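**Q** You'll find entry.cif just under this line, and it carries mmCIF, C-alpha atoms and all ligand atoms.
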```cif
data_coords
#
loop_
_atom_site.label_atom_id
_atom_site.label_comp_id
_atom_site.auth_asym_id
_atom_site.auth_seq_id
_atom_site.Cartn_x
_atom_site.Cartn_y
_atom_site.Cartn_z
CA MET G 1 179.15 54.63 90.80
CA ALA G 2 180.23 51.05 90.76
CA LYS G 3 179.62 50.34 94.37
CA SER G 4 176.33 52.17 94.83
CA LYS G 5 174.28 51.23 91.83
CA ASN G 6 171.02 52.52 93.21
CA SER G 7 172.03 55.87 94.56
CA HIS G 8 172.59 58.06 91.58
CA ALA G 9 170.92 61.11 93.09
CA LEU G 10 174.42 62.43 93.60
CA PRO G 11 176.35 64.48 94.31
CA LEU G 12 173.97 66.37 96.54
CA LEU G 13 175.91 68.17 99.19
CA LEU G 14 175.71 67.87 102.92
CA PRO G 15 174.98 71.49 103.86
CA THR G 16 177.61 71.80 106.61
CA LEU G 17 180.42 70.57 104.42
CA PHE G 18 179.27 72.60 101.48
CA PHE G 19 179.50 75.85 103.38
CA THR G 20 182.75 74.93 105.06
CA LEU G 21 184.52 74.09 101.85
CA LEU G 22 183.02 76.66 99.56
CA GLY G 23 185.31 79.43 100.67
CA THR G 24 188.46 77.46 99.99
CA SER G 25 187.62 75.67 96.78
CA HIS G 26 186.33 75.90 93.26
CA ALA G 27 182.96 74.52 94.33
CA GLY G 28 179.67 76.15 93.47
CA GLY G 29 176.32 74.77 92.44
CA ILE G 30 174.83 71.36 92.89
CA ALA G 31 174.73 68.56 90.37
CA ILE G 32 172.52 65.49 90.28
CA TYR G 33 172.19 62.34 88.29
CA TRP G 34 168.70 61.98 86.98
CA SER G 35 166.80 58.98 85.63
CA GLN G 36 167.81 55.89 87.52
CA ASN G 37 165.10 56.26 90.16
CA ARG G 38 161.52 55.80 88.96
CA ASN G 39 160.09 57.91 91.77
CA GLU G 40 162.19 61.00 91.24
CA GLY G 41 159.72 62.97 89.11
CA THR G 42 160.29 64.56 85.75
CA LEU G 43 163.33 66.41 84.53
CA SER G 44 161.34 69.66 84.47
CA GLU G 45 160.32 69.12 88.09
CA ALA G 46 163.95 68.60 89.09
CA CYS G 47 164.93 71.81 87.30
CA ALA G 48 161.98 73.74 88.75
CA THR G 49 163.24 73.12 92.30
CA GLY G 50 165.94 75.70 91.57
CA LYS G 51 168.43 73.58 93.51
CA TYR G 52 170.57 72.35 90.68
CA SER G 53 173.15 73.92 88.41
CA HIS G 54 173.88 70.71 86.48
CA ILE G 55 171.86 67.62 85.60
CA ASN G 56 173.41 64.46 84.23
CA ILE G 57 170.97 62.26 82.35
CA ALA G 58 172.01 58.72 83.16
CA PHE G 59 173.01 56.53 81.41
CA LEU G 60 174.20 55.63 77.96
CA ASN G 61 175.40 52.31 79.28
CA LYS G 62 176.29 50.44 76.12
CA PHE G 63 178.93 51.77 73.71
CA GLY G 64 182.31 51.08 72.18
CA SER G 65 183.91 48.06 70.49
CA GLY G 66 181.80 48.85 67.45
CA LYS G 67 178.56 48.01 69.35
CA THR G 68 175.39 49.93 68.61
CA PRO G 69 175.18 52.28 71.60
CA GLU G 70 172.13 52.06 73.85
CA MET G 71 170.77 54.20 76.61
CA ASN G 72 168.82 53.10 79.65
CA LEU G 73 166.64 55.65 81.39
CA ALA G 74 165.20 53.11 83.81
CA GLY G 75 161.41 53.49 84.10
CA HIS G 76 161.15 56.93 82.50
CA CYS G 77 160.91 55.94 78.87
CA ASN G 78 162.07 53.42 76.33
CA PRO G 79 164.61 54.63 73.77
CA THR G 80 163.85 51.72 71.44
CA THR G 81 160.22 52.85 71.01
CA ASN G 82 161.28 56.48 70.75
CA SER G 83 159.38 57.44 73.91
CA CYS G 84 162.33 59.41 75.34
CA THR G 85 161.94 62.21 72.81
CA LYS G 86 159.34 63.66 75.17
CA PHE G 87 162.28 64.88 77.26
CA SER G 88 163.47 67.20 74.52
CA SER G 89 161.23 70.07 75.64
CA GLU G 90 162.10 69.42 79.29
CA ILE G 91 165.81 69.60 78.50
CA LYS G 92 165.28 72.92 76.73
CA ASP G 93 163.21 74.14 79.68
CA CYS G 94 166.06 73.28 82.09
CA GLN G 95 168.61 74.95 79.81
CA SER G 96 166.48 78.11 79.65
CA LYS G 97 166.87 78.30 83.44
CA GLY G 98 170.65 78.27 83.02
CA ILE G 99 171.01 74.63 84.03
CA LYS G 100 173.58 72.60 82.12
CA VAL G 101 172.22 69.25 80.98
CA LEU G 102 174.75 66.54 80.17
CA LEU G 103 174.41 62.94 79.02
CA SER G 104 176.19 60.59 81.37
CA ILE G 105 177.91 57.65 79.74
CA GLY G 106 178.87 54.51 81.66
CA GLY G 107 177.36 53.67 85.03
CA GLY G 108 177.55 50.69 87.33
CA ILE G 109 175.58 48.34 85.10
CA GLY G 110 176.22 48.04 81.40
CA SER G 111 178.50 46.90 78.66
CA TYR G 112 181.00 49.44 77.48
CA THR G 113 184.65 49.79 76.64
CA LEU G 114 186.78 51.80 74.24
CA ALA G 115 188.83 49.29 72.29
CA SER G 116 191.13 51.72 70.46
CA VAL G 117 191.69 55.33 69.52
CA GLU G 118 189.56 54.76 66.43
CA ASP G 119 186.81 53.30 68.58
CA ALA G 120 186.96 56.42 70.78
CA ARG G 121 186.70 58.57 67.67
CA ASN G 122 183.65 56.64 66.45
CA VAL G 123 181.93 56.94 69.82
CA SER G 124 182.62 60.70 69.83
CA THR G 125 181.06 61.02 66.38
CA PHE G 126 178.03 59.06 67.53
CA LEU G 127 177.62 61.24 70.65
CA TRP G 128 177.96 64.45 68.64
CA ASN G 129 175.41 63.39 66.02
CA THR G 130 172.96 61.79 68.43
CA PHE G 131 172.93 64.07 71.49
CA LEU G 132 174.95 67.20 70.74
CA GLY G 133 175.06 69.64 67.84
CA GLY G 134 175.26 67.12 64.99
CA LYS G 135 172.48 65.49 63.04
CA SER G 136 171.09 61.97 63.03
CA SER G 137 167.84 60.33 62.00
CA SER G 138 167.89 58.65 65.38
CA ARG G 139 168.05 61.08 68.32
CA PRO G 140 166.53 59.35 71.37
CA LEU G 141 166.26 62.66 73.28
CA GLY G 142 164.92 64.53 70.27
CA ASP G 143 166.35 67.71 68.84
CA ALA G 144 167.47 69.25 72.15
CA VAL G 145 171.21 69.87 71.98
CA LEU G 146 172.74 68.73 75.26
CA ASP G 147 175.46 70.80 76.88
CA GLY G 148 177.96 68.01 77.07
CA ILE G 149 178.95 64.51 78.07
CA ASP G 150 179.65 63.19 81.55
CA PHE G 151 182.01 60.24 82.02
CA ASP G 152 180.90 57.87 84.79
CA ILE G 153 183.17 54.96 83.97
CA ASP G 154 183.09 52.04 86.39
CA LEU G 155 183.82 49.00 84.27
CA GLY G 156 185.34 47.71 81.04
CA SER G 157 188.73 48.84 79.80
CA THR G 158 190.49 51.73 81.53
CA GLN G 159 191.98 52.82 78.18
CA ASN G 160 191.24 55.52 75.63
CA TYR G 161 188.97 57.84 77.62
CA GLU G 162 191.51 60.64 77.19
CA HIS G 163 191.02 60.26 73.42
CA LEU G 164 187.24 60.33 73.74
CA ALA G 165 187.56 63.53 75.80
CA ARG G 166 189.83 65.11 73.21
CA PHE G 167 187.58 64.18 70.26
CA LEU G 168 184.48 65.46 72.04
CA LYS G 169 186.09 68.70 73.13
CA ALA G 170 187.21 69.33 69.56
CA TYR G 171 183.52 69.64 68.58
CA SER G 172 183.39 72.84 70.62
CA GLY G 173 184.95 74.48 67.59
CA VAL G 174 182.44 72.93 65.16
CA GLY G 175 179.08 73.98 66.54
CA ASN G 176 178.12 77.36 67.89
CA LYS G 177 177.90 75.90 71.35
CA ARG G 178 180.67 74.78 73.67
CA VAL G 179 180.83 71.06 74.51
CA TYR G 180 181.23 70.62 78.26
CA LEU G 181 182.84 67.56 79.77
CA GLY G 182 182.03 66.13 83.19
CA ALA G 183 183.49 63.18 85.09
CA ALA G 184 182.53 61.22 88.18
CA PRO G 185 185.75 59.62 89.48
CA GLN G 186 186.12 57.77 92.77
CA CYS G 187 188.05 59.80 95.36
CA PRO G 188 191.34 57.82 95.43
CA ILE G 189 193.83 59.58 93.10
CA PRO G 190 194.41 58.67 90.34
CA ASP G 191 191.03 57.27 89.39
CA ARG G 192 191.62 53.93 87.71
CA PHE G 193 189.38 54.64 84.71
CA LEU G 194 189.47 58.40 84.44
CA GLY G 195 192.84 59.49 85.86
CA THR G 196 194.54 59.81 82.47
CA ALA G 197 191.55 61.56 80.94
CA LEU G 198 191.34 64.02 83.85
CA ASN G 199 195.02 64.89 83.45
CA THR G 200 194.28 66.29 79.99
CA GLY G 201 192.75 69.28 81.76
CA LEU G 202 189.80 69.12 79.35
CA PHE G 203 187.13 68.47 81.97
CA ASP G 204 184.90 71.35 83.03
CA PHE G 205 183.16 69.63 85.93
CA VAL G 206 184.45 66.85 88.13
CA TRP G 207 182.05 65.37 90.67
CA VAL G 208 184.26 63.33 92.95
CA GLN G 209 182.65 60.38 94.74
CA PHE G 210 183.65 60.79 98.37
CA TYR G 211 181.76 57.71 99.50
CA ASN G 212 182.22 53.95 99.46
CA ASN G 213 185.92 54.76 99.59
CA PRO G 214 187.22 54.43 103.17
CA PRO G 215 190.63 56.05 102.44
CA CYS G 216 189.03 59.35 101.42
CA GLN G 217 185.59 59.63 102.93
CA TYR G 218 183.87 61.08 105.96
CA ALA G 219 183.30 58.36 108.55
CA ASN G 220 182.13 58.18 112.15
CA GLY G 221 182.36 61.87 112.80
CA ASN G 222 185.88 62.12 111.37
CA ILE G 223 186.24 64.57 108.54
CA ASN G 224 190.05 64.41 108.14
CA LYS G 225 190.31 61.87 105.31
CA LEU G 226 187.67 63.65 103.31
CA VAL G 227 189.25 67.05 103.79
CA SER G 228 192.76 65.93 102.90
CA SER G 229 191.47 64.15 99.79
CA TRP G 230 189.46 67.23 98.82
CA LYS G 231 192.61 69.33 99.12
CA ARG G 232 194.52 66.91 96.90
CA TRP G 233 191.77 67.01 94.28
CA THR G 234 191.53 70.77 94.18
CA SER G 235 195.31 71.25 94.16
CA THR G 236 196.49 68.47 91.83
CA VAL G 237 193.73 67.68 89.34
CA PRO G 238 193.33 70.21 86.53
CA ALA G 239 189.60 70.79 86.08
CA GLY G 240 187.22 73.68 85.65
CA LYS G 241 185.20 73.00 88.79
CA ILE G 242 185.44 70.25 91.37
CA PHE G 243 182.30 69.14 93.18
CA LEU G 244 182.12 67.37 96.49
CA GLY G 245 180.07 64.24 95.85
CA LEU G 246 178.19 62.75 98.78
CA PRO G 247 175.16 60.46 98.90
CA ALA G 248 171.89 62.32 99.28
CA ALA G 249 170.53 59.29 101.09
CA ARG G 250 172.18 56.32 102.75
CA ALA G 251 174.33 54.69 100.05
C1 LIG P 1 184.60 53.29 62.95
O1 LIG P 1 183.68 53.76 61.97
C2 LIG P 1 184.05 53.44 60.64
C3 LIG P 1 183.07 54.14 59.73
O2 LIG P 1 181.75 53.87 60.06
C4 LIG P 1 184.02 51.92 60.48
O3 LIG P 1 184.39 51.56 59.18
C5 LIG P 1 185.01 51.31 61.48
O4 LIG P 1 184.95 49.90 61.44
C6 LIG P 1 184.69 51.78 62.88
N1 LIG P 1 185.73 51.33 63.81
C7 LIG P 1 185.50 50.72 64.96
C8 LIG P 1 186.69 50.38 65.79
O5 LIG P 1 184.37 50.41 65.32
#
```
Here is a file; write its structure as structure tokens.
Ligand SMILES: *[C@@H]1O[C@H](CO)[C@@H](O)[C@H](O)[C@H]1NC(C)=O
**A**
Amino acid sequence: MAKSKNSHALPLLLPTLFFTLLGTSHAGGIAIYWSQNRNEGTLSEACATGKYSHINIAFLNKFGSGKTPEMNLAGHCNPTTNSCTKFSSEIKDCQSKGIKVLLSIGGGIGSYTLASVEDARNVSTFLWNTFLGGKSSSRPLGDAVLDGIDFDIDLGSTQNYEHLARFLKAYSGVGNKRVYLGAAPQCPIPDRFLGTALNTGLFDFVWVQFYNNPPCQYANGNINKLVSSWKRWTSTVPAGKIFLGLPAARA
């Protein structure tokens, strides 16, 4: 979400478009990014609304190049003092309602890059042990096992995300729980950071950002660019489900 750093409550759907496109697409359910807005309430409250099928906890915004990864949950808690473990029970509560909870890596502000295939492998190991079905003495979100990892890559190197996706997906065979992959590309195809990764076909959920991108967004009452881009996404990009991402509020 490089160009809209403060509007991560996405991709909520504009009702008219949602209903229009639902019949002709793979869409279904609503996903949001949670954590970057102090006033948004708790994770349990978001899940209790019954509106969402997927929640991306944002963001792990420092990783790669051998750096110690760090997460930033804005005002909600401080991972360095271990105060984010309180979300463990809320994550489980959301999951018990059938909502998939993913950790989003990247974001518009941060310091991340995958320097090599080995670096991608190390980051995948870290994510598995720290947030998924592995074990670590340091689990900032406690013992809740997240459903997967969402890639929201807006900066750093464009390389090696296909390897990270492959390494993460391979853990599906290790635990007793599938590892889901999500991605939040910009609408122009191919996405500069995630195009190669998306072409692996390993992504279960793709929330395409149809905003801040004049060539493929709705503007001034004209829906044509958005619709033709949507058709390209759903016909050319191999993914489990494609979501129409629009700002819930003015971006
Ligand atoms: C990957 O992890 C191994 C084992 O901890 C370490 O020796 C190696 O330097 C790491 N590689 C990178 C690129 O960070």
**Q** Can you list, as an MDAnalysis selection string, every protein, DNA or RNA residue that comes within 7 Å of Lys62 (chain G) when you count only C-alpha atoms, leaving out same-chain residues fewer than 6 positions away?
**A** chainID G and resid 69:71 110:112
**Q** Write out as a Markdown table a residue-level contact list of chain G versus ligand LIG 1 (chain P) with cut-off 9 Å: for each qualifying residue the closest pair of atoms and the distance in Å to one decimal, counting all atoms listed in the file, rows sorted by chain and residue number upward.
**A**
```
| residue | atom | partner | partner_atom | distance |
| --- | --- | --- | --- | --- |
| G:Gly64 | CA | P:LIG1 | O5 | 7.2 |
| G:Ser65 | CA | P:LIG1 | O5 | 5.7 |
| G:Gly66 | CA | P:LIG1 | O5 | 3.7 |
| G:Lys67 | CA | P:LIG1 | O5 | 7.5 |
| G:Leu114 | CA | P:LIG1 | C8 | 8.6 |
| G:Ala115 | CA | P:LIG1 | C8 | 6.9 |
| G:Ser116 | CA | P:LIG1 | C8 | 6.6 |
| G:Val117 | CA | P:LIG1 | C8 | 8.0 |
| G:Glu118 | CA | P:LIG1 | C8 | 5.3 |
| G:Asp119 | CA | P:LIG1 | C8 | 4.0 |
| G:Ala120 | CA | P:LIG1 | C8 | 7.8 |
| G:Arg121 | CA | P:LIG1 | C1 | 7.4 |
| G:Asn122 | CA | P:LIG1 | C1 | 4.9 |
| G:Val123 | CA | P:LIG1 | C1 | 8.2 |
| G:Thr125 | CA | P:LIG1 | O1 | 8.9 |
```
**Q** Write out as a ChimeraX atom specification which residues come within 12 Å of Cys187 (chain G) when counting all atoms listed in the file, dropping same-chain ones fewer than 6 positions away.
**A** /G:1,193-195,206-218,225-234,237,242-246
**Q** I need the residue nearest Phe203 (chain G) from this list: G:Ile149, G:Leu141, G:Leu43, G:Ala219. Use only C-alpha atoms for the distance.
**A**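 Smallest separation from Phe203 (chain G) among the options: G:Ile149.
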**Q** Tell me which protein, DNA and RNA residues are within 9 Å of Asn199 (chain G), counting all atoms listed in the file, leaving out same-chain ones fewer than 6 positions away, and put them as a list in words.
**A**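 Here the qualifying residues turn out to be Glu162, Val237, Pro238 and Ala239 of chain G.
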**Q** Would you mind exporting the chosen residues as a PDB file, keeping the file's coordinate frame, restricted to C-alpha atoms?
**A**
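Wrote again.pdb, looks like this:
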```pdb
ATOM      1  CA  GLU G 162     191.510  60.640  77.190  1.00  0.00           C
ATOM      2  CA  VAL G 237     193.730  67.680  89.340  1.00  0.00           C
ATOM      3  CA  PRO G 238     193.330  70.210  86.530  1.00  0.00           C
ATOM      4  CA  ALA G 239     189.600  70.790  86.080  1.00  0.00           C
TER       5      ALA G 239
END
```
**Q** For a cut-off of 10 Å around (164.8, 72.1, 84.1), file coordinates, pick out all residues using all atoms listed in the file and list them as a list in words.
**A**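 Collected hits near the coordinates: Thr42, Leu43, Ser44, Glu45, Ala46, Cys47, Ala48, Thr49, Gly50, Tyr52, Ser53, His54, Ile55, Ser89, Glu90, Ile91, Lys92, Asp93, Cys94, Gln95, Ser96, Lys97, Gly98, Ile99, Lys100 and Val101 of chain G.
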**Q** So which one's closest to Ser157 (chain G), G:Ala58, G:Asn82, G:Thr113, G:Ser35? Using only C-alpha atoms, please.
**A**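 Of G:Ala58, G:Asn82, G:Thr113, G:Ser35, the one nearest Ser157 (chain G) is G:Thr113, counting only C-alpha atoms.
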**Q** Report, in Å to a single decimal, how far apart CA of Cys77 (chain G) and CA of Phe126 (chain G) are.
**A**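 That distance, rounded to one decimal, is 20.8 Å.
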**Q** What gap, in Å, lies between CA of His76 (chain G) and CA of Gln186 (chain G)?
**A**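 Answer for the CA of His76 (chain G) to CA of Gln186 (chain G) separation: 27.0 Å.
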**Q** Give the answer as one residue: which of G:Gly108, G:Gly142, G:Gly173, G:Gly134 has the shortest atom-to-atom distance to Ser88 (chain G), using all atoms listed in the file?
**A** G:Gly142
**Q** Restricting the calculation to only C-alpha atoms: of G:Tyr161, G:Phe63, G:Phe151, G:Tyr171, which residue gets closest to Ala183 (chain G)?
**A**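 Ranking G:Tyr161, G:Phe63, G:Phe151, G:Tyr171 by distance to Ala183 (chain G), first place goes to G:Phe151.
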